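Asker: What follows is entry_7.cif, mmCIF, C-alpha atoms and all ligand atoms.
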```cif
data_query
loop_
_atom_site.label_atom_id
_atom_site.label_comp_id
_atom_site.auth_asym_id
_atom_site.auth_seq_id
_atom_site.Cartn_x
_atom_site.Cartn_y
_atom_site.Cartn_z
CA MET I 25 1.40 36.50 3.85
CA SER I 26 -0.83 38.18 6.42
CA SER I 27 0.42 37.75 9.95
CA ASN I 28 -2.70 35.95 11.17
CA GLU I 29 -2.86 33.32 8.43
CA THR I 30 -3.04 29.82 9.91
CA LEU I 31 0.36 28.16 9.84
CA GLN I 32 0.66 24.52 8.86
CA ALA I 33 3.27 21.87 9.51
CA VAL I 34 5.82 21.22 6.75
CA ARG I 35 4.42 18.85 4.10
CA GLY I 36 5.28 15.24 4.88
CA MET I 37 6.07 16.03 8.53
CA ASN I 38 3.32 14.79 10.79
CA ASP I 39 1.97 15.73 14.18
CA ILE I 40 1.30 12.71 16.32
CA LEU I 41 -1.75 13.67 18.36
CA PRO I 42 -2.39 12.39 21.91
CA ASP I 43 -4.89 9.69 20.88
CA GLU I 44 -2.33 8.14 18.55
CA ALA I 45 0.69 8.88 20.74
CA GLY I 46 -0.61 6.27 23.18
CA LEU I 47 0.09 3.61 20.56
CA TRP I 48 3.59 5.02 19.99
CA LEU I 49 4.40 4.91 23.70
CA TRP I 50 3.19 1.35 24.00
CA PHE I 51 5.16 0.31 20.91
CA GLU I 52 8.35 2.00 22.08
CA GLU I 53 8.15 0.21 25.41
CA VAL I 54 7.65 -3.20 23.79
CA VAL I 55 10.58 -2.55 21.44
CA ARG I 56 12.91 -1.39 24.23
CA ASP I 57 12.14 -4.44 26.37
CA TRP I 58 12.78 -6.66 23.35
CA LEU I 59 16.11 -4.94 22.55
CA HIS I 60 17.26 -5.17 26.15
CA SER I 61 16.43 -8.87 26.19
CA TYR I 62 19.13 -9.31 23.51
CA GLY I 63 21.63 -7.10 25.33
CA TYR I 64 21.42 -4.10 23.00
CA ARG I 65 22.23 -0.77 24.69
CA ASN I 66 20.85 2.64 23.84
CA ILE I 67 22.93 5.30 22.10
CA ARG I 68 21.70 8.80 21.17
CA MET I 69 23.21 10.84 18.37
CA PRO I 70 22.48 14.39 17.14
CA LEU I 71 19.81 14.94 14.48
CA VAL I 72 22.26 17.04 12.47
CA GLU I 73 25.61 15.84 11.13
CA PRO I 74 28.20 17.16 8.68
CA THR I 75 26.89 16.54 5.14
CA ALA I 76 30.18 14.82 4.31
CA LEU I 77 29.38 11.98 6.70
CA PHE I 78 26.32 10.85 4.75
CA LYS I 79 27.95 11.37 1.38
CA ARG I 80 30.81 9.17 2.43
CA ALA I 81 28.75 6.51 4.21
CA ILE I 82 25.62 6.15 2.09
CA GLY I 83 27.36 6.87 -1.23
CA GLU I 84 27.27 9.91 -3.53
CA VAL I 85 25.30 8.11 -6.22
CA THR I 86 22.27 6.93 -4.23
CA ASP I 87 18.68 8.19 -4.10
CA ILE I 88 19.18 9.42 -0.55
CA VAL I 89 22.28 11.52 -1.20
CA GLU I 90 21.33 12.68 -4.69
CA LYS I 91 17.81 13.84 -4.00
CA GLU I 92 16.45 13.13 -0.55
CA MET I 93 18.71 14.91 1.95
CA TYR I 94 17.80 18.08 3.82
CA SER I 95 21.16 19.78 3.54
CA PHE I 96 21.91 23.39 4.33
CA SER I 97 24.75 25.65 5.11
CA ASP I 98 24.79 27.01 8.66
CA ALA I 99 24.09 30.73 8.17
CA LEU I 100 26.30 31.58 11.14
CA ASN I 101 29.52 29.84 10.14
CA GLY I 102 29.01 28.30 6.70
CA ASP I 103 29.28 24.67 7.89
CA GLN I 104 27.64 22.18 5.49
CA LEU I 105 25.09 20.24 7.53
CA THR I 106 22.37 17.64 6.94
CA LEU I 107 19.33 16.45 8.89
CA ARG I 108 20.03 12.75 9.32
CA PRO I 109 18.31 10.60 6.68
CA GLU I 110 19.23 7.40 8.58
CA GLY I 111 21.08 6.40 11.72
CA THR I 112 23.84 3.95 10.81
CA ALA I 113 26.30 6.59 9.61
CA SER I 114 25.83 8.70 12.75
CA CYS I 115 26.07 5.67 14.99
CA VAL I 116 29.33 4.51 13.44
CA ARG I 117 30.67 8.08 13.58
CA ALA I 118 29.84 8.26 17.30
CA VAL I 119 31.33 4.84 18.03
CA LEU I 120 34.60 5.85 16.35
CA GLN I 121 34.72 9.34 17.82
CA HIS I 122 34.41 7.89 21.33
CA ASN I 123 36.52 4.82 20.68
CA LEU I 124 33.80 2.42 21.80
CA LEU I 125 35.28 -0.45 19.79
CA TYR I 126 38.60 -0.18 21.63
CA ASN I 127 38.41 -3.55 23.31
CA ALA I 128 34.90 -4.85 22.98
CA PRO I 129 32.30 -5.34 20.30
CA GLN I 130 29.11 -3.35 20.76
CA ARG I 131 25.41 -4.10 20.46
CA LEU I 132 23.66 -0.74 20.13
CA TYR I 133 20.26 0.73 19.30
CA TYR I 134 18.76 4.15 18.78
CA SER I 135 15.42 5.56 17.79
CA GLY I 136 14.01 8.79 16.52
CA GLU I 137 13.32 11.10 13.63
CA MET I 138 14.86 10.68 10.18
CA PHE I 139 14.46 13.17 7.33
CA ARG I 140 14.19 12.46 3.62
CA HIS I 141 12.81 14.76 0.96
CA GLU I 142 10.56 12.20 -0.74
CA ARG I 143 7.10 12.47 -2.26
CA PRO I 144 4.76 12.13 0.74
CA GLN I 145 2.24 9.27 0.49
CA LYS I 146 0.91 6.51 2.71
CA GLY I 147 3.90 5.01 4.54
CA ARG I 148 6.35 7.53 3.08
CA TYR I 149 6.97 10.81 4.84
CA ARG I 150 9.61 13.53 4.97
CA GLN I 151 10.04 13.20 8.71
CA PHE I 152 9.63 9.61 9.82
CA HIS I 153 10.84 7.45 12.68
CA GLN I 154 13.10 4.46 12.90
CA PHE I 155 14.40 2.09 15.50
CA GLY I 156 17.94 1.26 14.41
CA VAL I 157 19.92 -1.72 15.69
CA GLU I 158 23.67 -2.12 15.10
CA ALA I 159 26.16 -4.80 16.14
CA LEU I 160 29.75 -3.63 15.64
CA GLY I 161 32.85 -5.77 15.85
CA PHE I 162 31.16 -9.07 14.97
CA ALA I 163 32.26 -10.92 11.82
CA GLY I 164 30.44 -14.25 11.88
CA PRO I 165 27.12 -15.38 10.43
CA ASP I 166 25.83 -15.96 13.98
CA ILE I 167 25.17 -12.26 14.56
CA ASP I 168 23.46 -11.81 11.17
CA ALA I 169 21.15 -14.66 12.09
CA GLU I 170 20.64 -13.33 15.62
CA GLN I 171 19.41 -10.02 14.25
CA ILE I 172 16.98 -11.72 11.89
CA LEU I 173 15.72 -14.02 14.65
CA MET I 174 15.27 -10.96 16.84
CA CYS I 175 12.99 -9.42 14.24
CA ALA I 176 10.95 -12.60 13.95
CA ARG I 177 10.50 -12.56 17.73
CA LEU I 178 9.34 -8.94 17.67
CA TRP I 179 6.73 -9.58 14.97
CA HIS I 180 5.49 -12.46 17.07
CA LYS I 181 5.36 -10.31 20.21
CA LEU I 182 3.45 -7.62 18.36
CA GLY I 183 1.07 -10.18 16.89
CA LEU I 184 1.90 -9.10 13.33
CA ARG I 185 0.69 -11.33 10.55
CA ASP I 186 1.81 -11.59 6.93
CA VAL I 187 5.39 -10.35 7.26
CA ALA I 188 7.75 -12.16 4.92
CA LEU I 189 11.54 -12.30 5.02
CA GLN I 190 13.60 -11.71 1.90
CA LEU I 191 17.27 -12.51 1.97
CA ASN I 192 20.23 -11.99 -0.30
CA THR I 193 24.00 -11.75 -0.21
CA LEU I 194 25.95 -8.95 -1.86
CA GLY I 195 29.27 -10.75 -1.50
CA ASP I 196 32.48 -8.82 -1.02
CA ALA I 197 34.19 -6.00 -2.89
CA ALA I 198 35.87 -8.09 -5.59
CA SER I 199 32.71 -9.89 -6.63
CA ARG I 200 30.82 -6.63 -6.66
CA HIS I 201 33.41 -5.12 -8.99
CA ARG I 202 33.14 -8.03 -11.40
CA HIS I 203 29.37 -7.78 -11.29
CA ARG I 204 29.54 -4.04 -11.85
CA ASP I 205 31.58 -4.49 -15.01
CA LYS I 206 29.12 -7.05 -16.35
CA LEU I 207 26.18 -4.78 -15.54
CA ILE I 208 27.73 -1.90 -17.48
CA VAL I 209 28.23 -4.10 -20.53
CA TYR I 210 24.68 -5.45 -20.24
CA PHE I 211 22.91 -2.13 -19.73
CA LYS I 212 24.94 -0.52 -22.51
CA GLN I 213 23.31 -3.00 -24.89
CA HIS I 214 19.89 -1.72 -23.76
CA MET I 215 20.41 2.03 -23.62
CA ASP I 216 16.99 2.68 -25.21
CA THR I 217 15.19 1.16 -22.20
CA LEU I 218 17.16 3.02 -19.52
CA ASP I 219 15.50 6.07 -17.95
CA ALA I 220 17.40 9.27 -17.18
CA ASP I 221 18.45 8.19 -13.66
CA ALA I 222 19.72 4.85 -14.91
CA THR I 223 21.63 6.39 -17.81
CA ARG I 224 23.34 8.76 -15.44
CA ARG I 225 24.22 5.94 -13.05
CA LEU I 226 25.40 3.53 -15.71
CA HIS I 227 29.05 4.34 -15.08
CA THR I 228 28.95 5.78 -11.56
CA ASN I 229 26.83 3.19 -9.78
CA PRO I 230 25.16 0.60 -12.03
CA LEU I 231 24.12 -1.53 -9.05
CA ARG I 232 21.67 1.25 -8.20
CA ILE I 233 19.86 0.62 -11.48
CA LEU I 234 18.78 -2.75 -10.04
CA ASP I 235 17.10 -0.86 -7.18
CA SER I 236 14.96 1.19 -9.60
CA LYS I 237 11.20 1.08 -9.14
CA ASN I 238 10.49 2.21 -12.72
CA PRO I 239 7.99 -0.37 -14.12
CA ALA I 240 9.28 0.14 -17.66
CA MET I 241 12.70 -1.20 -16.63
CA GLN I 242 11.64 -4.22 -14.56
CA ASP I 243 12.01 -6.80 -17.37
CA LEU I 244 15.44 -5.48 -18.18
CA ILE I 245 16.45 -5.55 -14.51
CA TYR I 246 15.07 -9.04 -14.12
CA ALA I 247 17.27 -10.39 -16.87
CA ALA I 248 20.41 -8.53 -15.77
CA PRO I 249 23.58 -10.44 -14.78
CA LYS I 250 23.19 -11.77 -11.23
CA LEU I 251 25.58 -10.79 -8.49
CA MET I 252 24.91 -14.24 -7.01
CA ASP I 253 26.90 -15.77 -9.91
CA GLU I 254 30.00 -13.80 -8.86
CA ILE I 255 29.97 -14.39 -5.10
CA GLU I 256 33.14 -15.97 -3.72
CA ASP I 257 33.33 -19.08 -1.58
CA ASP I 258 33.87 -17.35 1.76
CA ALA I 259 30.90 -15.09 1.32
CA MET I 260 28.78 -17.98 0.08
CA GLN I 261 29.71 -20.10 3.12
CA HIS I 262 28.78 -17.16 5.34
CA PHE I 263 25.42 -16.90 3.59
CA PHE I 264 24.73 -20.63 3.91
CA ALA I 265 25.58 -20.49 7.61
CA VAL I 266 23.07 -17.67 8.15
CA GLN I 267 20.42 -19.70 6.35
CA ALA I 268 21.21 -22.81 8.39
CA ILE I 269 20.61 -20.96 11.67
CA LEU I 270 17.35 -19.53 10.36
CA GLU I 271 16.22 -22.98 9.29
CA GLN I 272 17.17 -24.40 12.68
CA HIS I 273 14.70 -21.87 14.16
CA ASP I 274 12.01 -22.48 11.54
CA VAL I 275 12.24 -18.94 10.21
CA VAL I 276 10.84 -18.97 6.68
CA PHE I 277 12.68 -16.87 4.09
CA GLU I 278 12.80 -16.30 0.39
CA ILE I 279 16.07 -15.65 -1.40
CA ASN I 280 15.65 -12.60 -3.59
CA PRO I 281 18.74 -12.18 -5.81
CA ARG I 282 17.47 -8.73 -6.82
CA LEU I 283 17.51 -7.36 -3.28
CA VAL I 284 20.37 -4.84 -3.33
CA ARG I 285 19.32 -2.14 -0.78
CA GLY I 286 19.44 1.59 -1.47
CA LEU I 287 22.63 2.40 0.42
CA ASP I 288 26.16 1.66 -0.75
CA TYR I 289 27.64 0.47 2.52
CA TYR I 290 26.15 -3.03 2.52
CA ASN I 291 28.03 -6.25 1.75
CA ARG I 292 27.29 -9.94 2.28
CA THR I 293 23.96 -10.58 4.05
CA VAL I 294 21.12 -8.17 3.29
CA PHE I 295 17.47 -8.64 4.25
CA GLU I 296 14.08 -7.00 4.19
CA TRP I 297 10.88 -7.81 6.03
CA VAL I 298 7.96 -7.03 3.76
CA THR I 299 4.18 -7.07 3.89
CA THR I 300 1.72 -6.87 1.06
CA ARG I 301 -0.78 -4.97 3.18
CA LEU I 302 0.66 -1.43 3.00
CA GLY I 303 0.50 -0.92 -0.74
CA ALA I 304 3.76 0.00 -2.40
CA GLN I 305 5.39 0.94 0.93
CA GLY I 306 5.63 -2.67 2.04
CA THR I 307 9.09 -2.82 3.62
CA ILE I 308 8.79 -2.44 7.38
CA CYS I 309 12.33 -3.39 8.33
CA ALA I 310 15.57 -3.65 6.39
CA GLY I 311 19.25 -4.14 6.98
CA GLY I 312 22.31 -6.25 6.58
CA ARG I 313 26.05 -6.44 6.93
CA TYR I 314 28.30 -3.44 6.34
CA ASP I 315 31.86 -4.58 6.96
CA GLY I 316 33.49 -1.73 5.05
CA LEU I 317 31.78 1.22 6.67
CA VAL I 318 33.84 1.63 9.83
CA GLU I 319 37.03 1.92 7.80
CA GLN I 320 35.31 4.18 5.27
CA ILE I 321 34.43 6.60 8.07
CA GLY I 322 38.03 6.60 9.25
CA GLY I 323 38.24 3.80 11.79
CA LYS I 324 40.28 0.63 11.99
CA PRO I 325 38.50 -1.99 9.86
CA SER I 326 35.75 -3.64 11.86
CA PRO I 327 32.91 -5.86 10.67
CA ALA I 328 29.37 -4.84 11.51
CA THR I 329 25.75 -5.59 10.83
CA GLY I 330 22.47 -3.84 11.55
CA PHE I 331 18.93 -3.02 10.54
CA ALA I 332 16.28 -0.33 10.85
CA MET I 333 12.53 -0.52 11.30
CA GLY I 334 10.11 2.09 10.02
CA VAL I 335 7.88 2.95 12.96
CA GLU I 336 5.06 4.57 10.94
CA ARG I 337 4.76 1.52 8.69
CA LEU I 338 4.80 -0.90 11.63
CA LEU I 339 2.11 1.04 13.46
CA ALA I 340 0.01 1.24 10.29
CA LEU I 341 0.26 -2.52 10.02
CA LEU I 342 -0.72 -3.00 13.66
CA GLN I 343 -3.77 -0.80 13.17
CA ASP I 344 -4.61 -2.68 9.99
CA ASP I 345 -4.55 -5.80 12.18
CA GLY I 346 -7.28 -4.21 14.30
CA MET I 347 -5.09 -3.12 17.22
CA ALA I 348 -7.00 -0.60 19.38
CA LEU I 349 -5.38 2.65 20.49
CA PRO I 350 -4.30 2.28 24.12
CA LYS I 351 -5.73 5.00 26.37
CA LEU I 352 -4.30 6.76 29.40
CA GLN I 353 -6.32 5.24 32.25
CA MET I 354 -6.71 7.56 35.25
CA ASP I 355 -7.44 6.11 38.68
CA VAL I 356 -9.02 9.08 40.41
CA TYR I 357 -10.85 12.33 39.59
CA VAL I 358 -11.05 14.77 42.52
CA VAL I 359 -14.21 16.87 42.69
CA HIS I 360 -14.39 19.74 45.17
CA GLN I 361 -16.32 22.89 46.04
CA GLY I 362 -15.72 25.65 48.56
CA GLU I 363 -12.50 27.30 49.71
CA LEU I 364 -11.58 24.88 52.46
CA ALA I 365 -12.48 21.90 50.26
CA SER I 366 -10.34 23.18 47.40
CA ARG I 367 -7.29 23.52 49.63
CA MET I 368 -7.84 20.03 50.89
CA ALA I 369 -8.41 18.72 47.34
CA SER I 370 -4.95 19.58 46.06
CA GLN I 371 -3.44 18.04 49.19
CA VAL I 372 -5.49 14.86 48.75
CA ALA I 373 -4.45 14.65 45.07
CA GLU I 374 -0.76 14.87 45.98
CA GLN I 375 -1.19 12.30 48.74
CA LEU I 376 -2.75 9.84 46.29
CA ARG I 377 0.09 10.44 43.80
CA ASP I 378 2.57 9.76 46.62
CA ASP I 379 0.85 6.38 46.79
CA ASN I 380 1.40 5.82 43.04
CA LEU I 381 -2.14 6.49 41.90
CA SER I 382 -2.87 8.64 38.85
CA VAL I 383 -5.07 11.57 39.71
CA LEU I 384 -6.92 14.28 37.80
CA LEU I 385 -7.62 17.24 40.09
CA HIS I 386 -10.63 19.20 38.87
CA CYS I 387 -9.53 22.71 37.95
CA GLY I 388 -11.76 25.65 37.05
CA GLY I 389 -14.68 25.47 39.52
CA GLY I 390 -18.28 24.73 38.53
CA SER I 391 -21.20 22.95 40.20
CA PHE I 392 -20.84 19.47 41.66
CA LYS I 393 -23.06 18.22 38.86
CA SER I 394 -20.87 19.61 36.08
CA GLN I 395 -17.71 18.40 37.84
CA MET I 396 -19.17 14.87 38.12
CA LYS I 397 -19.88 14.95 34.39
CA LYS I 398 -16.24 15.73 33.76
CA ALA I 399 -15.19 12.96 36.14
CA ASP I 400 -17.37 10.58 34.16
CA ALA I 401 -15.98 11.73 30.81
CA SER I 402 -12.39 11.40 32.07
CA GLY I 403 -12.78 7.64 32.37
CA ALA I 404 -11.32 7.73 35.90
CA LEU I 405 -12.29 4.68 37.92
CA VAL I 406 -13.07 6.53 41.14
CA ALA I 407 -14.27 10.04 42.04
CA VAL I 408 -13.12 11.55 45.30
CA VAL I 409 -15.68 14.17 46.34
CA ILE I 410 -14.90 16.93 48.82
CA GLY I 411 -17.60 19.42 49.87
CA ASP I 412 -17.76 21.74 52.90
CA ASP I 413 -19.22 18.95 54.92
CA GLU I 414 -16.33 16.56 54.22
CA ALA I 415 -13.72 19.30 54.56
CA GLN I 416 -15.00 20.30 58.02
CA ALA I 417 -14.79 16.68 59.13
CA GLY I 418 -11.37 16.10 57.54
CA GLU I 419 -12.86 13.32 55.42
CA VAL I 420 -13.69 12.67 51.76
CA SER I 421 -16.41 10.81 49.87
CA VAL I 422 -15.36 8.07 47.49
CA LYS I 423 -17.56 7.06 44.54
CA PRO I 424 -16.82 4.20 42.17
CA MET I 425 -17.59 5.53 38.69
CA GLN I 426 -18.82 2.20 37.34
CA GLY I 427 -21.68 2.24 39.81
CA GLY I 428 -21.84 1.32 43.49
CA GLU I 429 -22.24 3.02 46.84
CA GLN I 430 -20.56 6.33 47.70
CA THR I 431 -18.74 5.97 51.00
CA ARG I 432 -17.09 8.43 53.38
CA VAL I 433 -13.59 7.75 54.60
CA SER I 434 -10.91 9.49 56.61
CA LEU I 435 -7.71 10.59 54.83
CA VAL I 436 -5.67 7.77 56.38
CA ASN I 437 -8.02 5.20 54.87
CA LEU I 438 -8.34 6.88 51.47
CA THR I 439 -5.59 5.12 49.50
CA GLY I 440 -6.66 1.73 50.83
CA THR I 441 -10.28 2.34 49.87
CA VAL I 442 -9.37 3.56 46.37
CA ASN I 443 -7.06 0.60 45.82
CA GLN I 444 -9.87 -1.78 46.84
CA LEU I 445 -12.20 -0.18 44.30
CA ILE I 446 -9.84 -0.11 41.33
CA LYS I 447 -8.49 -3.63 41.79
P1 LIG I 501 12.02 2.30 0.55
O1 LIG I 501 12.52 1.27 -0.38
O2 LIG I 501 10.60 2.06 1.01
O3 LIG I 501 12.26 3.70 0.10
P2 LIG I 501 14.48 2.35 1.99
O4 LIG I 501 15.22 1.19 1.47
O5 LIG I 501 14.78 3.72 1.48
O6 LIG I 501 12.90 2.11 1.90
P3 LIG I 501 15.82 2.17 4.54
O7 LIG I 501 16.76 3.26 4.30
O8 LIG I 501 16.27 0.78 4.49
O9 LIG I 501 14.54 2.37 3.59
O10 LIG I 501 15.07 2.42 5.93
C1 LIG I 501 14.58 1.37 6.75
C2 LIG I 501 13.09 1.46 6.94
O11 LIG I 501 12.68 2.77 7.25
C3 LIG I 501 12.29 1.13 5.70
O12 LIG I 501 12.16 -0.24 5.55
C4 LIG I 501 10.96 1.78 5.99
O13 LIG I 501 10.19 0.96 6.86
C5 LIG I 501 11.37 3.02 6.73
N1 LIG I 501 11.38 4.19 5.83
C6 LIG I 501 12.32 4.54 4.93
N2 LIG I 501 12.00 5.69 4.31
C7 LIG I 501 10.82 6.09 4.84
C8 LIG I 501 9.96 7.22 4.64
N3 LIG I 501 10.28 8.18 3.79
N4 LIG I 501 8.82 7.29 5.38
C9 LIG I 501 8.48 6.33 6.26
N5 LIG I 501 9.25 5.26 6.51
C10 LIG I 501 10.40 5.12 5.81
MG MG I 502 13.87 5.02 0.10
#
```
Using the file provided, produce a representation of the structure as structure tokens.
Answerer:
Amino acid sequence: MSSNETLQAVRGMNDILPDEAGLWLWFEEVVRDWLHSYGYRNIRMPLVEPTALFKRAIGEVTDIVEKEMYSFSDALNGDQLTLRPEGTASCVRAVLQHNLLYNAPQRLYYSGEMFRHERPQKGRYRQFHQFGVEALGFAGPDIDAEQILMCARLWHKLGLRDVALQLNTLGDAASRHRHRDKLIVYFKQHMDTLDADATRRLHTNPLRILDSKNPAMQDLIYAAPKLMDEIEDDAMQHFFAVQAILEQHDVVFEINPRLVRGLDYYNRTVFEWVTTRLGAQGTICAGGRYDGLVEQIGGKPSPATGFAMGVERLLALLQDDGMALPKLQMDVYVVHQGELASRMASQVAEQLRDDNLSVLLHCGGGSFKSQMKKADASGALVAVVIGDDEAQAGEVSVKPMQGGEQTRVSLVNLTGTVNQLIK
């Protein structure tokens, strides 16, 4: 490769350019406010974890661990590491490592980049972003319902239309084992329809076959033994209690007995929020209960439940709804010419920022006319103009950009005048 060839970003890993980043910033603020209103606190974990963590948490025989993880051995010491494909495993690892569950349950959230080596397409990338929400140390159906109600509130806040809730229960370990055995017997009778992945998983993780997106297997999957038929009383009562709370709040849901989720750690309640407007990548938010995970990662058993939202898919949906990209609105553009005026200009700009105004200071010289053009293009509401004349008098001229008289004011009156004009 020649040394001056243009370099490109890694396939499936996107730049988010300033015009679009405005929407991200707005979204992140709305989401944080919403999380705080339910008492969730922020936690930040590394992007890289020991590979063993994800193998143990997500499950060896899952799409993510088998074929989607960016794993590598650290060239300096041989450690086996992985770029995080999701946040729950890291979050639970951090909670245990720092003993956060010692005497109180925890409501936590995090956000940031996740990495999965998938085939890039609309709504599916190799670096993507999630907001993850986890409640650890809570056993009852009330917290499952709280998390689902939270989501409903967020969609409402964002003005999202056409998002539907799908709900299922995976029961507990014993029922899953019984179901597993029945699945093996069933799929064995239909070996000719199974694809290579399914054949391989038949004995290691037959539940994963139900998660397959292969169209040729959908009829077979549809008729497979239902986990729902194996669920024990306790788990069923838990599931009914979640539903009762949702009904009390008029949250509409559909029970989808084929919803199994692509990660092994789930039990009991699982849910997905889906839209039909993003093509095949219609799940914008997914989660559920994972009571076994804390113990699996080496902690004292502790129930937990959580969910993650795909930021790219949510923002795509918002834009599909006609949401405009928010812009950075500047208050003031400072135009200046001459040595004395330039010195004064940077001082005036800092003074206005002291007073909490946003200010673009013209840099790079040029005629008044060309500077005023830039002021206009910047979208600033007010231009502050400083020429020799003004500088000598220790004053500035103030011009509302939307039209109106230019006035001259002293520095002490500047902030007041600007504030009047931008009100
Ligand atoms: P899918 O079935 O679409 O592959 P998943 O079950 O693998 O999703 P989760 O692990 O539950 O996804 O992640 C939660 C959310 O993160 C998803 O609902 C989706 O919105 C988002 N997400 C997952 N993978 C990607 C990806 N590769 N690119 C963009 N967003 C993603
Ligand atoms: Mg996936």
Asker: Write out as a PyMOL selection string which residues come within 9 Å of I:Glu73 when counting all atoms listed in the file, dropping same-chain ones fewer than 2 positions away.
Answerer: chain I and resi 70-71+75-78+104-108+114
Asker: Using only C-alpha atoms, please write the residues we just selected to a file, as a PDB file, in the coordinates of the input.
Answerer:
```pdb
ATOM      1  CA  PRO I  70      22.480  14.390  17.140  1.00  0.00           C
ATOM      2  CA  LEU I  71      19.810  14.940  14.480  1.00  0.00           C
ATOM      3  CA  THR I  75      26.890  16.540   5.140  1.00  0.00           C
ATOM      4  CA  ALA I  76      30.180  14.820   4.310  1.00  0.00           C
ATOM      5  CA  LEU I  77      29.380  11.980   6.700  1.00  0.00           C
ATOM      6  CA  PHE I  78      26.320  10.850   4.750  1.00  0.00           C
ATOM      7  CA  GLN I 104      27.640  22.180   5.490  1.00  0.00           C
ATOM      8  CA  LEU I 105      25.090  20.240   7.530  1.00  0.00           C
ATOM      9  CA  THR I 106      22.370  17.640   6.940  1.00  0.00           C
ATOM     10  CA  LEU I 107      19.330  16.450   8.890  1.00  0.00           C
ATOM     11  CA  ARG I 108      20.030  12.750   9.320  1.00  0.00           C
ATOM     12  CA  SER I 114      25.830   8.700  12.750  1.00  0.00           C
TER      13      SER I 114
END
```
Asker: Taking all atoms listed in the file into account, produce a table as a tab-separated table in which each residue of chain I with an atom at most 8 Å from an atom of ligand LIG 501 (chain I) appears once, together with its shortest atom pair and the distance in Å to one decimal, ordered by chain and rising number.
Answerer:
```
residue	atom	partner	partner_atom	distance
I:Ile88	CA	I:LIG501	O5	7.5
I:Pro109	CA	I:LIG501	O7	7.9
I:Glu110	CA	I:LIG501	O7	6.4
I:Phe139	CA	I:LIG501	N3	7.4
I:Arg140	CA	I:LIG501	N3	5.8
I:His141	CA	I:LIG501	N3	7.6
I:Glu142	CA	I:LIG501	N3	6.1
I:Pro144	CA	I:LIG501	N3	7.4
I:Gly147	CA	I:LIG501	C9	5.1
I:Arg148	CA	I:LIG501	N4	3.4
I:Tyr149	CA	I:LIG501	N4	4.0
I:Arg150	CA	I:LIG501	N3	5.5
I:Gln151	CA	I:LIG501	N4	6.9
I:Phe152	CA	I:LIG501	C9	5.0
I:His153	CA	I:LIG501	N5	6.7
I:Gln154	CA	I:LIG501	O11	5.9
I:Arg285	CA	I:LIG501	O4	5.7
I:Gly286	CA	I:LIG501	O4	5.2
I:Leu287	CA	I:LIG501	O7	7.1
I:Glu296	CA	I:LIG501	O12	7.2
I:Trp297	CA	I:LIG501	O12	7.7
I:Ala304	CA	I:LIG501	O2	7.9
I:Gln305	CA	I:LIG501	O2	5.3
I:Gly306	CA	I:LIG501	O2	6.9
I:Thr307	CA	I:LIG501	O12	4.5
I:Ile308	CA	I:LIG501	O13	3.7
I:Cys309	CA	I:LIG501	O12	4.2
I:Ala310	CA	I:LIG501	O8	4.9
I:Gly311	CA	I:LIG501	O8	6.3
I:Phe331	CA	I:LIG501	C1	7.2
I:Ala332	CA	I:LIG501	C1	4.8
I:Met333	CA	I:LIG501	C2	4.8
I:Gly334	CA	I:LIG501	O13	3.4
I:Val335	CA	I:LIG501	O13	6.8
I:Glu336	CA	I:LIG501	C9	6.1
I:Arg337	CA	I:LIG501	O13	5.8
I:Leu338	CA	I:LIG501	O13	7.4
```
Asker: Keeping only C-alpha atoms, write those residues as a CSV table (one decimal), keeping the file's coordinate frame.
Answerer:
```csv
chain,number,residue,atom,x,y,z
I,88,ILE,CA,19.2,9.4,-0.6
I,109,PRO,CA,18.3,10.6,6.7
I,110,GLU,CA,19.2,7.4,8.6
I,139,PHE,CA,14.5,13.2,7.3
I,140,ARG,CA,14.2,12.5,3.6
I,141,HIS,CA,12.8,14.8,1.0
I,142,GLU,CA,10.6,12.2,-0.7
I,144,PRO,CA,4.8,12.1,0.7
I,147,GLY,CA,3.9,5.0,4.5
I,148,ARG,CA,6.4,7.5,3.1
I,149,TYR,CA,7.0,10.8,4.8
I,150,ARG,CA,9.6,13.5,5.0
I,151,GLN,CA,10.0,13.2,8.7
I,152,PHE,CA,9.6,9.6,9.8
I,153,HIS,CA,10.8,7.4,12.7
I,154,GLN,CA,13.1,4.5,12.9
I,285,ARG,CA,19.3,-2.1,-0.8
I,286,GLY,CA,19.4,1.6,-1.5
I,287,LEU,CA,22.6,2.4,0.4
I,296,GLU,CA,14.1,-7.0,4.2
I,297,TRP,CA,10.9,-7.8,6.0
I,304,ALA,CA,3.8,0.0,-2.4
I,305,GLN,CA,5.4,0.9,0.9
I,306,GLY,CA,5.6,-2.7,2.0
I,307,THR,CA,9.1,-2.8,3.6
I,308,ILE,CA,8.8,-2.4,7.4
I,309,CYS,CA,12.3,-3.4,8.3
I,310,ALA,CA,15.6,-3.6,6.4
I,311,GLY,CA,19.2,-4.1,7.0
I,331,PHE,CA,18.9,-3.0,10.5
I,332,ALA,CA,16.3,-0.3,10.8
I,333,MET,CA,12.5,-0.5,11.3
I,334,GLY,CA,10.1,2.1,10.0
I,335,VAL,CA,7.9,3.0,13.0
I,336,GLU,CA,5.1,4.6,10.9
I,337,ARG,CA,4.8,1.5,8.7
I,338,LEU,CA,4.8,-0.9,11.6
```
Asker: For a quick check of your reading of the model, name the residues lying within 8 Å of the coordinate (28.5, 1.6, -17.9), counting only C-alpha atoms, and write them as a list in words.
Answerer: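 Protein, DNA and RNA residues close to (28.5, 1.6, -17.9): Asp205, Leu207, Ile208, Val209, Phe211, Lys212, Arg225, Leu226, His227, Thr228 and Pro230 of chain I.
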